[in-house]
Amino acid sequence: MQMTNMNIKIFYFARLKETLKFSTEDLELADDDFAGTLTILKLKAHLAKRNDTWQQMLMGKLKVRGAINHELVDDNAPIADGDEVAFFPPVTGG
Amino acid sequence: MQMTNMNIKIFYFARLKETLKFSTEDLELADDDFAGTLTILKLKAHLAKRNDTWQQMLMGKLKVRGAINHELVDDNAPIADGDEVAFFPPVTGG
Amino acid sequence: MTVRVQTQDFDAGLEISQLRNARKDIGAVVSFIGQVRDLNEGDAVSQLTLEHYPGMTEKSLEAIVSQAKSRWNIFDALVIHRVGTLQPLDQIVLVAVSSAHRGEAFKACEFIMDYLKTEAPFWKKEVTNFGERWIDAKLNDDDARERWVK
Amino acid sequence: MTVRVQTQDFDAGLEISQLRNARKDIGAVVSFIGQVRDLNEGDAVSQLTLEHYPGMTEKSLEAIVSQAKSRWNIFDALVIHRVGTLQPLDQIVLVAVSSAHRGEAFKACEFIMDYLKTEAPFWKKEVTNFGERWIDAKLNDDDARERWVK
């Protein structure tokens with residue numbers, strides 16, 4: 001069985017950035033971090049394992065929106081190697 | 001039987017003013033110029049008797065709107081002694 | 001609430017700026033500028049003359065603005081309308097509305113324009129290659145106004 | 001079509017004037033200015049900080065404007081949105097749209113604002129007497145956006 005690793009870049013904004021104390025990170029994921037295709041939801045679940053704060057911010061009551069390569073996407077959107085992913089609360093500009 | 005005369009002021013605007021060659025006039029009406037209460041429609045009919053041009057402009061195909069004392073009114077609106085009446089085409093400002 | 005009918009041009013930026021700086025609880029300002037097009041009904045327009053009914057015009061505009069204020073939760077509204085002879089690109093009308101939130105300001109501003117177009121006593125006459133002609137009222141302006149009648 | 005994200009203030013009057021003078025067949029310019037209110041959810045606001053997602057922000061605003069241009073017959077649209085730290089009365093956003101007739105400009109301008117409010121990656125944090133707090137998204141902004149989905 002062939003093992004493929006994925007490299008992605010993640011950005012965090014607003015309340016997430018502040019609470020997680022992370023603005024951006026480069027992440028390498030091994031095949032067994034996600035079964036089959038990596039999705040926004042799977043990536044959230046993976047990051048949520050880091051500790052309680054991550055769990056609360058990404059899988060808790062807070063509504064978290066995801067973007068892949070600067071496009072808003074839903075939880076089932078697939079993430080590919082080299083993608084730029086972002087997590088943030090619902091937007092409040094204007 | 002008591003005879004009452006009425007004095008009103010009339011203004012004409014836009015196409016009406018130009019074609020009738022009248023911008024404003026003071027008009028005295030005798031009781032027998034109108035039966036009962038004078039209305040916008042009765043005044044139009046009275047003025048239309050002046051000649052064919054008046055007939056065409058006030059009672060012809062042209063849509064004519066009336067105002068009494070600076071308020072848009074419909075054909076049945078009653079006109080009182082001393083009123084300021086105006087006739088004009090549908091408005092086209094803005 | 002300000003209503004002005006005038007021959008001279010106006011500084012839309014200054015008017016909007018004064019309106020938006022009038023209160024610190026204003027969150028939204030919507031404005032409309034109408035201007036002379038160089039083309040109407042397919043013909044080149046070189047000049048436009050606006051006639052109005054002094055006295056009734058101001059009263060009519062004030063009534064329209066009052067109605068907008070009673071229907072929506074807006075802070076202030078301004079209407080400036082020019083009369084006289086204008087050229088293409090000249091400003092004709094400015095309507096500006098301030099409110100706490102955008103929805104009310106958008107509705108009130110469009111309402112004022114739709115009523116101004118059908119009730120305020122202004123008439124336009126244009127000069128084209130074919131001479132002078134009075135502009136006819138448009139049926140879709142009546143339709144635009146009807147939308148607001150409940 | 002112009003989209004700008006910047007920390008510095010903008011001259012709304014100048015921007016609107018440039019837009020309306022760009023073509024002689026423009027008959028209508030509708031514009032929206034959003035500004036910082038000194039009050040939010042009943043609390044006095046002394047400062048507002050706007051964060052955004054550089055790169056995605058511009059792309060998102062451009063997509064919104066393109067969508068407006070494909071839905072309505074408009075000539076041009078401009079969006080300027082500020083980021084960084086602002087005070088009450090400071091301008092946040094300007095949206096201006098030009099068209100031949102007013103109906104299209106009103107719709108396109110409000111559409112752009114409704115989509116900007118729900119899709120463009122900006123986040124507001126305000127300072128009140130109770131300290132700093134992130135502003136929560138409003139459900140009625142989602143409703144406003146839904147109106148445009150056919």
# chains A, B, ... in the order shown; residues from 1 in each chain; ligands from 1
$ calpha_fit_and_write --fixed "chain D" --moving "chain C" --output "short mmCIF file (atom, residue, chain, number, x, y, z; two decimals) with N, CA and C atoms, in the first residue's frame"
data_model
loop_
_atom_site.label_atom_id
_atom_site.label_comp_id
_atom_site.auth_asym_id
_atom_site.auth_seq_id
_atom_site.Cartn_x
_atom_site.Cartn_y
_atom_site.Cartn_z
N MET C 1 -14.72 48.25 -13.43
CA MET C 1 -14.95 47.62 -12.12
C MET C 1 -13.68 47.76 -11.28
N THR C 2 -13.85 48.36 -10.11
CA THR C 2 -12.71 48.60 -9.21
C THR C 2 -13.02 48.07 -7.82
N VAL C 3 -12.08 47.36 -7.25
CA VAL C 3 -12.21 46.85 -5.89
C VAL C 3 -10.94 47.24 -5.14
N ARG C 4 -11.10 47.94 -4.02
CA ARG C 4 -9.91 48.33 -3.25
C ARG C 4 -10.12 48.01 -1.77
N VAL C 5 -9.09 47.44 -1.16
CA VAL C 5 -9.09 47.20 0.28
C VAL C 5 -7.92 47.99 0.83
N GLN C 6 -8.18 48.88 1.78
CA GLN C 6 -7.13 49.82 2.19
C GLN C 6 -7.33 50.27 3.64
N THR C 7 -6.24 50.71 4.27
CA THR C 7 -6.36 51.24 5.63
C THR C 7 -6.77 52.71 5.60
N GLN C 8 -6.31 53.45 4.59
CA GLN C 8 -6.58 54.89 4.58
C GLN C 8 -8.03 55.21 4.20
N ASP C 9 -8.46 56.39 4.59
CA ASP C 9 -9.81 56.87 4.29
C ASP C 9 -9.95 57.11 2.78
N PHE C 10 -11.19 57.31 2.33
CA PHE C 10 -11.42 57.61 0.92
C PHE C 10 -12.32 58.83 0.80
N ASP C 11 -12.26 59.48 -0.35
CA ASP C 11 -13.09 60.66 -0.63
C ASP C 11 -14.30 60.19 -1.44
N ALA C 12 -15.40 59.91 -0.73
CA ALA C 12 -16.58 59.34 -1.39
C ALA C 12 -17.07 60.25 -2.53
N GLY C 13 -17.06 61.56 -2.28
CA GLY C 13 -17.53 62.49 -3.31
C GLY C 13 -16.72 62.40 -4.59
N LEU C 14 -15.40 62.33 -4.43
CA LEU C 14 -14.51 62.23 -5.59
C LEU C 14 -14.73 60.91 -6.33
N GLU C 15 -14.84 59.82 -5.58
CA GLU C 15 -15.03 58.50 -6.21
C GLU C 15 -16.33 58.45 -6.99
N ILE C 16 -17.40 58.97 -6.38
CA ILE C 16 -18.71 58.97 -7.05
C ILE C 16 -18.66 59.86 -8.28
N SER C 17 -17.99 61.00 -8.15
CA SER C 17 -17.88 61.95 -9.25
C SER C 17 -17.13 61.33 -10.43
N GLN C 18 -16.04 60.61 -10.15
CA GLN C 18 -15.29 59.95 -11.22
C GLN C 18 -16.13 58.87 -11.90
N LEU C 19 -16.88 58.14 -11.10
CA LEU C 19 -17.72 57.08 -11.66
C LEU C 19 -18.79 57.67 -12.57
N ARG C 20 -19.42 58.75 -12.13
CA ARG C 20 -20.56 59.29 -12.89
C ARG C 20 -20.09 60.05 -14.14
N ASN C 21 -18.84 60.52 -14.13
CA ASN C 21 -18.33 61.25 -15.29
C ASN C 21 -17.64 60.34 -16.32
N ALA C 22 -17.61 59.05 -16.05
CA ALA C 22 -16.86 58.13 -16.91
C ALA C 22 -17.52 57.90 -18.26
N ARG C 23 -18.83 58.06 -18.33
CA ARG C 23 -19.55 57.82 -19.57
C ARG C 23 -20.69 58.82 -19.69
N LYS C 24 -20.99 59.23 -20.92
CA LYS C 24 -22.07 60.21 -21.11
C LYS C 24 -23.45 59.57 -21.21
N ASP C 25 -23.49 58.23 -21.21
CA ASP C 25 -24.80 57.59 -21.25
C ASP C 25 -25.26 57.10 -19.88
N ILE C 26 -24.53 57.51 -18.84
CA ILE C 26 -24.95 57.19 -17.47
C ILE C 26 -26.10 58.11 -17.07
N GLY C 27 -27.19 57.52 -16.58
CA GLY C 27 -28.32 58.32 -16.13
C GLY C 27 -28.49 58.25 -14.62
N ALA C 28 -27.91 57.22 -14.01
CA ALA C 28 -28.15 56.98 -12.58
C ALA C 28 -26.89 56.48 -11.88
N VAL C 29 -26.62 57.02 -10.71
CA VAL C 29 -25.54 56.50 -9.87
C VAL C 29 -26.11 56.30 -8.46
N VAL C 30 -26.06 55.06 -7.98
CA VAL C 30 -26.51 54.77 -6.62
C VAL C 30 -25.28 54.43 -5.79
N SER C 31 -25.20 55.01 -4.61
CA SER C 31 -24.04 54.69 -3.78
C SER C 31 -24.44 54.43 -2.34
N PHE C 32 -23.62 53.63 -1.69
CA PHE C 32 -23.82 53.28 -0.30
C PHE C 32 -22.53 53.59 0.46
N ILE C 33 -22.67 54.27 1.60
CA ILE C 33 -21.54 54.45 2.51
C ILE C 33 -21.91 53.81 3.83
N GLY C 34 -21.04 52.94 4.32
CA GLY C 34 -21.21 52.37 5.65
C GLY C 34 -20.20 53.01 6.56
N GLN C 35 -20.62 53.36 7.78
CA GLN C 35 -19.69 54.04 8.68
C GLN C 35 -19.83 53.50 10.10
N VAL C 36 -18.83 53.80 10.93
CA VAL C 36 -18.80 53.28 12.30
C VAL C 36 -19.80 54.03 13.16
N ARG C 37 -20.73 53.32 13.81
CA ARG C 37 -21.70 53.92 14.73
C ARG C 37 -21.09 53.97 16.13
N ASP C 38 -21.49 55.00 16.89
CA ASP C 38 -20.95 55.12 18.25
C ASP C 38 -21.72 54.22 19.23
N LEU C 39 -22.64 53.42 18.68
CA LEU C 39 -23.50 52.59 19.52
C LEU C 39 -23.73 51.27 18.80
N ASN C 40 -23.58 50.15 19.51
CA ASN C 40 -23.91 48.85 18.93
C ASN C 40 -24.48 47.95 20.01
N GLU C 41 -25.60 47.30 19.73
CA GLU C 41 -26.27 46.44 20.70
C GLU C 41 -26.45 47.18 22.02
N GLY C 42 -26.71 48.48 21.94
CA GLY C 42 -26.99 49.27 23.14
C GLY C 42 -25.77 49.77 23.89
N ASP C 43 -24.57 49.39 23.46
CA ASP C 43 -23.36 49.83 24.17
C ASP C 43 -22.58 50.87 23.37
N ALA C 44 -21.99 51.82 24.09
CA ALA C 44 -21.17 52.85 23.45
C ALA C 44 -19.92 52.21 22.85
N VAL C 45 -19.65 52.54 21.60
CA VAL C 45 -18.48 52.00 20.90
C VAL C 45 -17.45 53.10 20.74
N SER C 46 -16.22 52.84 21.17
CA SER C 46 -15.20 53.89 21.06
C SER C 46 -14.23 53.60 19.92
N GLN C 47 -14.17 52.33 19.48
CA GLN C 47 -13.22 51.96 18.44
C GLN C 47 -13.64 50.66 17.76
N LEU C 48 -13.27 50.55 16.50
CA LEU C 48 -13.62 49.35 15.73
C LEU C 48 -12.39 48.92 14.95
N THR C 49 -12.07 47.62 15.02
CA THR C 49 -10.94 47.13 14.23
C THR C 49 -11.45 46.13 13.21
N LEU C 50 -11.02 46.32 11.97
CA LEU C 50 -11.43 45.43 10.90
C LEU C 50 -10.26 44.57 10.44
N GLU C 51 -10.45 43.26 10.54
CA GLU C 51 -9.46 42.31 10.06
C GLU C 51 -9.98 41.73 8.76
N HIS C 52 -9.07 41.30 7.88
CA HIS C 52 -9.55 40.65 6.66
C HIS C 52 -8.57 39.56 6.23
N TYR C 53 -8.88 38.90 5.14
CA TYR C 53 -8.08 37.79 4.63
C TYR C 53 -7.50 38.24 3.29
N PRO C 54 -6.29 38.84 3.34
CA PRO C 54 -5.71 39.40 2.11
C PRO C 54 -5.66 38.35 1.02
N GLY C 55 -5.98 38.73 -0.17
CA GLY C 55 -6.00 37.77 -1.27
C GLY C 55 -7.41 37.27 -1.51
N MET C 56 -7.99 36.65 -0.49
CA MET C 56 -9.37 36.18 -0.65
C MET C 56 -10.34 37.36 -0.68
N THR C 57 -10.07 38.40 0.10
CA THR C 57 -10.98 39.54 0.17
C THR C 57 -11.21 40.14 -1.21
N GLU C 58 -10.13 40.47 -1.90
CA GLU C 58 -10.22 41.09 -3.22
C GLU C 58 -10.95 40.16 -4.19
N LYS C 59 -10.57 38.87 -4.13
CA LYS C 59 -11.17 37.89 -5.04
C LYS C 59 -12.68 37.78 -4.80
N SER C 60 -13.04 37.77 -3.52
CA SER C 60 -14.44 37.65 -3.15
C SER C 60 -15.24 38.88 -3.61
N LEU C 61 -14.67 40.08 -3.39
CA LEU C 61 -15.37 41.30 -3.81
C LEU C 61 -15.52 41.35 -5.33
N GLU C 62 -14.46 40.94 -6.03
CA GLU C 62 -14.53 40.94 -7.50
C GLU C 62 -15.60 39.97 -8.00
N ALA C 63 -15.69 38.82 -7.34
CA ALA C 63 -16.71 37.84 -7.74
C ALA C 63 -18.12 38.39 -7.52
N ILE C 64 -18.30 39.10 -6.40
CA ILE C 64 -19.62 39.68 -6.10
C ILE C 64 -19.98 40.74 -7.13
N VAL C 65 -19.03 41.60 -7.47
CA VAL C 65 -19.29 42.65 -8.45
C VAL C 65 -19.57 42.04 -9.83
N SER C 66 -18.81 40.99 -10.20
CA SER C 66 -19.05 40.32 -11.48
C SER C 66 -20.45 39.74 -11.55
N GLN C 67 -20.86 39.16 -10.44
CA GLN C 67 -22.20 38.59 -10.39
C GLN C 67 -23.26 39.68 -10.58
N ALA C 68 -23.05 40.82 -9.93
CA ALA C 68 -23.98 41.95 -10.08
C ALA C 68 -24.02 42.41 -11.54
N LYS C 69 -22.85 42.46 -12.18
CA LYS C 69 -22.79 42.91 -13.58
C LYS C 69 -23.48 41.92 -14.51
N SER C 70 -23.45 40.64 -14.16
CA SER C 70 -24.09 39.66 -15.03
C SER C 70 -25.61 39.63 -14.81
N ARG C 71 -26.06 40.06 -13.62
CA ARG C 71 -27.50 40.03 -13.34
C ARG C 71 -28.22 41.28 -13.79
N TRP C 72 -27.55 42.44 -13.72
CA TRP C 72 -28.23 43.69 -14.06
C TRP C 72 -27.47 44.46 -15.12
N ASN C 73 -28.19 45.28 -15.82
CA ASN C 73 -27.62 46.05 -16.90
C ASN C 73 -26.98 47.33 -16.35
N ILE C 74 -25.81 47.15 -15.73
CA ILE C 74 -25.13 48.30 -15.15
C ILE C 74 -23.84 48.56 -15.93
N PHE C 75 -23.35 49.81 -15.84
CA PHE C 75 -22.12 50.16 -16.56
C PHE C 75 -20.89 49.79 -15.74
N ASP C 76 -20.87 50.26 -14.50
CA ASP C 76 -19.66 50.08 -13.70
C ASP C 76 -20.03 50.00 -12.22
N ALA C 77 -19.10 49.43 -11.46
CA ALA C 77 -19.30 49.35 -10.02
C ALA C 77 -17.96 49.49 -9.33
N LEU C 78 -18.00 50.12 -8.18
CA LEU C 78 -16.80 50.40 -7.40
C LEU C 78 -17.05 49.95 -5.97
N VAL C 79 -16.07 49.24 -5.39
CA VAL C 79 -16.15 48.88 -3.97
C VAL C 79 -14.84 49.28 -3.30
N ILE C 80 -14.93 50.07 -2.26
CA ILE C 80 -13.75 50.39 -1.44
C ILE C 80 -14.09 49.97 -0.01
N HIS C 81 -13.23 49.16 0.59
CA HIS C 81 -13.48 48.71 1.97
C HIS C 81 -12.23 48.95 2.79
N ARG C 82 -12.42 49.58 3.93
CA ARG C 82 -11.26 49.84 4.79
C ARG C 82 -11.03 48.71 5.78
N VAL C 83 -9.77 48.56 6.20
CA VAL C 83 -9.40 47.63 7.26
C VAL C 83 -8.53 48.40 8.25
N GLY C 84 -8.31 47.78 9.41
CA GLY C 84 -7.50 48.45 10.44
C GLY C 84 -8.38 49.04 11.51
N THR C 85 -7.86 50.02 12.22
CA THR C 85 -8.56 50.57 13.37
C THR C 85 -9.29 51.86 13.02
N LEU C 86 -10.58 51.91 13.35
CA LEU C 86 -11.43 53.05 13.00
C LEU C 86 -12.15 53.58 14.23
N GLN C 87 -12.62 54.83 14.12
CA GLN C 87 -13.37 55.48 15.20
C GLN C 87 -14.81 55.72 14.73
N PRO C 88 -15.72 56.00 15.67
CA PRO C 88 -17.09 56.36 15.27
C PRO C 88 -17.06 57.49 14.22
N LEU C 89 -17.95 57.42 13.28
CA LEU C 89 -18.08 58.35 12.14
C LEU C 89 -17.10 58.08 11.00
N ASP C 90 -16.09 57.22 11.25
CA ASP C 90 -15.19 56.88 10.15
C ASP C 90 -15.94 56.07 9.08
N GLN C 91 -15.60 56.32 7.84
CA GLN C 91 -16.18 55.55 6.75
C GLN C 91 -15.58 54.14 6.74
N ILE C 92 -16.41 53.13 6.52
CA ILE C 92 -15.93 51.75 6.42
C ILE C 92 -15.92 51.30 4.97
N VAL C 93 -17.04 51.54 4.29
CA VAL C 93 -17.19 50.97 2.95
C VAL C 93 -17.95 51.92 2.03
N LEU C 94 -17.54 51.92 0.78
CA LEU C 94 -18.27 52.65 -0.27
C LEU C 94 -18.56 51.68 -1.40
N VAL C 95 -19.82 51.61 -1.80
CA VAL C 95 -20.20 50.87 -3.00
C VAL C 95 -20.93 51.85 -3.90
N ALA C 96 -20.49 51.99 -5.15
CA ALA C 96 -21.16 52.91 -6.08
C ALA C 96 -21.36 52.19 -7.41
N VAL C 97 -22.54 52.37 -7.98
CA VAL C 97 -22.92 51.67 -9.22
C VAL C 97 -23.51 52.67 -10.21
N SER C 98 -23.07 52.59 -11.46
CA SER C 98 -23.64 53.46 -12.50
C SER C 98 -24.42 52.63 -13.51
N SER C 99 -25.49 53.24 -14.03
CA SER C 99 -26.32 52.56 -15.03
C SER C 99 -27.10 53.60 -15.82
N ALA C 100 -27.80 53.16 -16.85
CA ALA C 100 -28.62 54.09 -17.62
C ALA C 100 -29.84 54.52 -16.81
N HIS C 101 -30.46 53.56 -16.12
CA HIS C 101 -31.70 53.85 -15.39
C HIS C 101 -31.59 53.41 -13.93
N ARG C 102 -32.38 54.06 -13.07
CA ARG C 102 -32.16 53.91 -11.64
C ARG C 102 -32.43 52.52 -11.06
N GLY C 103 -33.44 51.82 -11.58
CA GLY C 103 -33.82 50.54 -10.99
C GLY C 103 -32.67 49.55 -10.90
N GLU C 104 -31.93 49.44 -11.99
CA GLU C 104 -30.81 48.49 -12.05
C GLU C 104 -29.70 48.89 -11.07
N ALA C 105 -29.43 50.18 -10.99
CA ALA C 105 -28.35 50.65 -10.10
C ALA C 105 -28.72 50.41 -8.64
N PHE C 106 -29.99 50.66 -8.28
CA PHE C 106 -30.42 50.41 -6.90
C PHE C 106 -30.26 48.93 -6.56
N LYS C 107 -30.76 48.07 -7.44
CA LYS C 107 -30.71 46.63 -7.15
C LYS C 107 -29.26 46.15 -7.04
N ALA C 108 -28.42 46.52 -8.02
CA ALA C 108 -27.04 46.04 -8.03
C ALA C 108 -26.28 46.52 -6.79
N CYS C 109 -26.50 47.76 -6.39
CA CYS C 109 -25.79 48.32 -5.22
C CYS C 109 -26.18 47.58 -3.95
N GLU C 110 -27.48 47.35 -3.78
CA GLU C 110 -27.93 46.65 -2.57
C GLU C 110 -27.49 45.18 -2.59
N PHE C 111 -27.52 44.57 -3.77
CA PHE C 111 -27.05 43.18 -3.93
C PHE C 111 -25.57 43.08 -3.50
N ILE C 112 -24.75 43.99 -3.99
CA ILE C 112 -23.32 43.95 -3.65
C ILE C 112 -23.14 44.07 -2.14
N MET C 113 -23.88 44.98 -1.50
CA MET C 113 -23.75 45.13 -0.05
C MET C 113 -24.22 43.87 0.69
N ASP C 114 -25.34 43.30 0.25
CA ASP C 114 -25.87 42.11 0.94
C ASP C 114 -24.90 40.93 0.82
N TYR C 115 -24.25 40.79 -0.32
CA TYR C 115 -23.28 39.70 -0.49
C TYR C 115 -21.97 40.01 0.23
N LEU C 116 -21.53 41.26 0.16
CA LEU C 116 -20.33 41.65 0.89
C LEU C 116 -20.50 41.31 2.38
N LYS C 117 -21.67 41.60 2.92
CA LYS C 117 -21.94 41.37 4.35
C LYS C 117 -21.90 39.90 4.74
N THR C 118 -22.13 39.01 3.79
CA THR C 118 -22.23 37.60 4.14
C THR C 118 -21.12 36.74 3.53
N GLU C 119 -20.37 37.27 2.55
CA GLU C 119 -19.36 36.44 1.89
C GLU C 119 -17.94 37.01 1.90
N ALA C 120 -17.78 38.31 1.99
CA ALA C 120 -16.43 38.86 1.92
C ALA C 120 -15.75 38.71 3.29
N PRO C 121 -14.51 38.18 3.31
CA PRO C 121 -13.87 37.84 4.59
C PRO C 121 -13.32 39.05 5.35
N PHE C 122 -14.24 39.75 6.00
CA PHE C 122 -13.91 40.84 6.93
C PHE C 122 -14.51 40.47 8.28
N TRP C 123 -13.80 40.84 9.35
CA TRP C 123 -14.33 40.62 10.71
C TRP C 123 -14.12 41.88 11.52
N LYS C 124 -15.16 42.23 12.29
CA LYS C 124 -15.12 43.44 13.10
C LYS C 124 -14.99 43.11 14.58
N LYS C 125 -14.12 43.86 15.22
CA LYS C 125 -13.98 43.75 16.67
C LYS C 125 -14.15 45.15 17.22
N GLU C 126 -14.99 45.31 18.24
CA GLU C 126 -15.23 46.65 18.74
C GLU C 126 -14.77 46.82 20.18
N VAL C 127 -14.45 48.05 20.52
CA VAL C 127 -14.09 48.37 21.90
C VAL C 127 -15.25 49.14 22.52
N THR C 128 -15.81 48.60 23.61
CA THR C 128 -16.86 49.29 24.34
C THR C 128 -16.39 49.48 25.78
N ASN C 129 -17.29 50.04 26.62
CA ASN C 129 -16.96 50.20 28.04
C ASN C 129 -16.66 48.87 28.71
N PHE C 130 -17.16 47.78 28.11
CA PHE C 130 -16.98 46.47 28.70
C PHE C 130 -15.76 45.74 28.13
N GLY C 131 -14.95 46.47 27.37
CA GLY C 131 -13.75 45.85 26.80
C GLY C 131 -13.93 45.55 25.32
N GLU C 132 -13.07 44.67 24.81
CA GLU C 132 -13.11 44.32 23.39
C GLU C 132 -14.08 43.16 23.16
N ARG C 133 -14.73 43.18 22.01
CA ARG C 133 -15.55 42.00 21.65
C ARG C 133 -15.67 41.88 20.14
N TRP C 134 -15.63 40.63 19.68
CA TRP C 134 -15.87 40.37 18.27
C TRP C 134 -17.35 40.54 17.99
N ILE C 135 -17.67 41.17 16.88
CA ILE C 135 -19.07 41.33 16.52
C ILE C 135 -19.56 40.03 15.90
N ASP C 136 -20.76 39.58 16.33
CA ASP C 136 -21.34 38.36 15.76
C ASP C 136 -22.07 38.67 14.46
N ALA C 137 -22.04 37.72 13.56
CA ALA C 137 -22.78 37.86 12.31
C ALA C 137 -24.27 37.93 12.63
N LYS C 138 -25.00 38.69 11.83
CA LYS C 138 -26.44 38.86 12.08
C LYS C 138 -27.26 37.95 11.18
N LEU C 139 -28.27 37.34 11.77
CA LEU C 139 -29.14 36.46 10.97
C LEU C 139 -29.86 37.23 9.87
N ASN C 140 -30.22 38.50 10.16
CA ASN C 140 -30.96 39.22 9.12
C ASN C 140 -30.07 39.61 7.93
N ASP C 141 -28.74 39.52 8.11
CA ASP C 141 -27.87 39.68 6.93
C ASP C 141 -27.98 38.45 6.02
N ASP C 142 -28.14 37.27 6.65
CA ASP C 142 -28.35 36.06 5.84
C ASP C 142 -29.69 36.17 5.09
N ASP C 143 -30.71 36.67 5.81
CA ASP C 143 -32.02 36.84 5.17
C ASP C 143 -31.94 37.81 4.00
N ALA C 144 -31.19 38.91 4.20
CA ALA C 144 -31.06 39.92 3.14
C ALA C 144 -30.42 39.29 1.90
N ARG C 145 -29.44 38.43 2.11
CA ARG C 145 -28.78 37.77 1.00
C ARG C 145 -29.71 36.78 0.31
N GLU C 146 -30.51 36.08 1.11
CA GLU C 146 -31.39 35.05 0.56
C GLU C 146 -32.40 35.61 -0.45
N ARG C 147 -32.77 36.88 -0.23
CA ARG C 147 -33.76 37.51 -1.14
C ARG C 147 -33.30 37.46 -2.58
N TRP C 148 -31.98 37.44 -2.80
CA TRP C 148 -31.45 37.52 -4.17
C TRP C 148 -31.31 36.16 -4.83
N VAL C 149 -31.52 35.09 -4.04
CA VAL C 149 -31.38 33.74 -4.59
C VAL C 149 -32.71 33.34 -5.23
N LYS C 150 -32.65 33.05 -6.50
CA LYS C 150 -33.89 32.75 -7.21
C LYS C 150 -34.17 31.25 -7.19
#
$ residues_around --residues "Asn7 in chain A" --least-positions-apart "5" --cutoff "10 Å" --atoms "only C-alpha atoms" --output "NGL selection string"
:A and (26-30 or 80-84)
$ select_by_dssp --residues "range 20-136 of chain D" --states "helix (DSSP H, G or I)" --output "PyMOL selection string"
chain D and resi 20+56-71+102-119
$ write_last_selection --atoms "C-alpha atoms" --output "PDB file, in the first residue's frame"
ATOM      1  CA  ARG D  20     -20.558  59.299 -12.887  1.00  0.00           C
ATOM      2  CA  MET D  56      -9.360  36.178  -0.634  1.00  0.00           C
ATOM      3  CA  THR D  57     -10.965  39.534   0.169  1.00  0.00           C
ATOM      4  CA  GLU D  58     -10.229  41.089  -3.220  1.00  0.00           C
ATOM      5  CA  LYS D  59     -11.151  37.886  -5.043  1.00  0.00           C
ATOM      6  CA  SER D  60     -14.433  37.650  -3.156  1.00  0.00           C
ATOM      7  CA  LEU D  61     -15.372  41.308  -3.812  1.00  0.00           C
ATOM      8  CA  GLU D  62     -14.512  40.937  -7.500  1.00  0.00           C
ATOM      9  CA  ALA D  63     -16.694  37.836  -7.750  1.00  0.00           C
ATOM     10  CA  ILE D  64     -19.606  39.683  -6.105  1.00  0.00           C
ATOM     11  CA  VAL D  65     -19.277  42.646  -8.465  1.00  0.00           C
ATOM     12  CA  SER D  66     -19.033  40.320 -11.494  1.00  0.00           C
ATOM     13  CA  GLN D  67     -22.189  38.582 -10.391  1.00  0.00           C
ATOM     14  CA  ALA D  68     -23.980  41.951 -10.091  1.00  0.00           C
ATOM     15  CA  LYS D  69     -22.791  42.906 -13.586  1.00  0.00           C
ATOM     16  CA  SER D  70     -24.089  39.658 -15.033  1.00  0.00           C
ATOM     17  CA  ARG D  71     -27.500  40.025 -13.342  1.00  0.00           C
ATOM     18  CA  ARG D 102     -32.159  53.889 -11.649  1.00  0.00           C
ATOM     19  CA  GLY D 103     -33.830  50.529 -10.993  1.00  0.00           C
ATOM     20  CA  GLU D 104     -30.815  48.473 -12.058  1.00  0.00           C
ATOM     21  CA  ALA D 105     -28.363  50.639 -10.112  1.00  0.00           C
ATOM     22  CA  PHE D 106     -30.421  50.402  -6.899  1.00  0.00           C
ATOM     23  CA  LYS D 107     -30.706  46.623  -7.150  1.00  0.00           C
ATOM     24  CA  ALA D 108     -27.053  46.030  -8.034  1.00  0.00           C
ATOM     25  CA  CYS D 109     -25.791  48.306  -5.238  1.00  0.00           C
ATOM     26  CA  GLU D 110     -27.940  46.639  -2.568  1.00  0.00           C
ATOM     27  CA  PHE D 111     -27.052  43.180  -3.917  1.00  0.00           C
ATOM     28  CA  ILE D 112     -23.329  43.943  -3.658  1.00  0.00           C
ATOM     29  CA  MET D 113     -23.753  45.119  -0.048  1.00  0.00           C
ATOM     30  CA  ASP D 114     -25.876  42.102   0.932  1.00  0.00           C
ATOM     31  CA  TYR D 115     -23.289  39.699  -0.505  1.00  0.00           C
ATOM     32  CA  LEU D 116     -20.341  41.648   0.894  1.00  0.00           C
ATOM     33  CA  LYS D 117     -21.956  41.387   4.357  1.00  0.00           C
ATOM     34  CA  THR D 118     -22.232  37.581   4.132  1.00  0.00           C
ATOM     35  CA  GLU D 119     -19.371  36.436   1.893  1.00  0.00           C
TER      36      GLU D 119
END
$ select_by_dssp --residues "chain A" --states "strand (DSSP E or B)" --output "NGL selection string"
:A and (6-12 or 24-29 or 39 or 65-68 or 71-73 or 78 or 84-88)
$ residues_around --residues "Thr39 in chain A" --least-positions-apart "4" --cutoff "8 Å" --atoms "only C-alpha atoms" --output "PyMOL selection string"
chain A and resi 43+75-79
$ atom_distance --atom1 "CA of Asp32 in chain A" --atom2 "CA of Ile8 in chain A"
15.6 Å
$ atom_distance --atom1 "CA of Lys21 in chain B" --atom2 "CA of Thr53 in chain B"
10.4 Å
$ residues_around --residues "His46 in chain B" --least-positions-apart "5" --cutoff "10 Å" --atoms "only C-alpha atoms" --output "PyMOL selection string"
chain B and resi 29+33-34+40-41+54-55+58
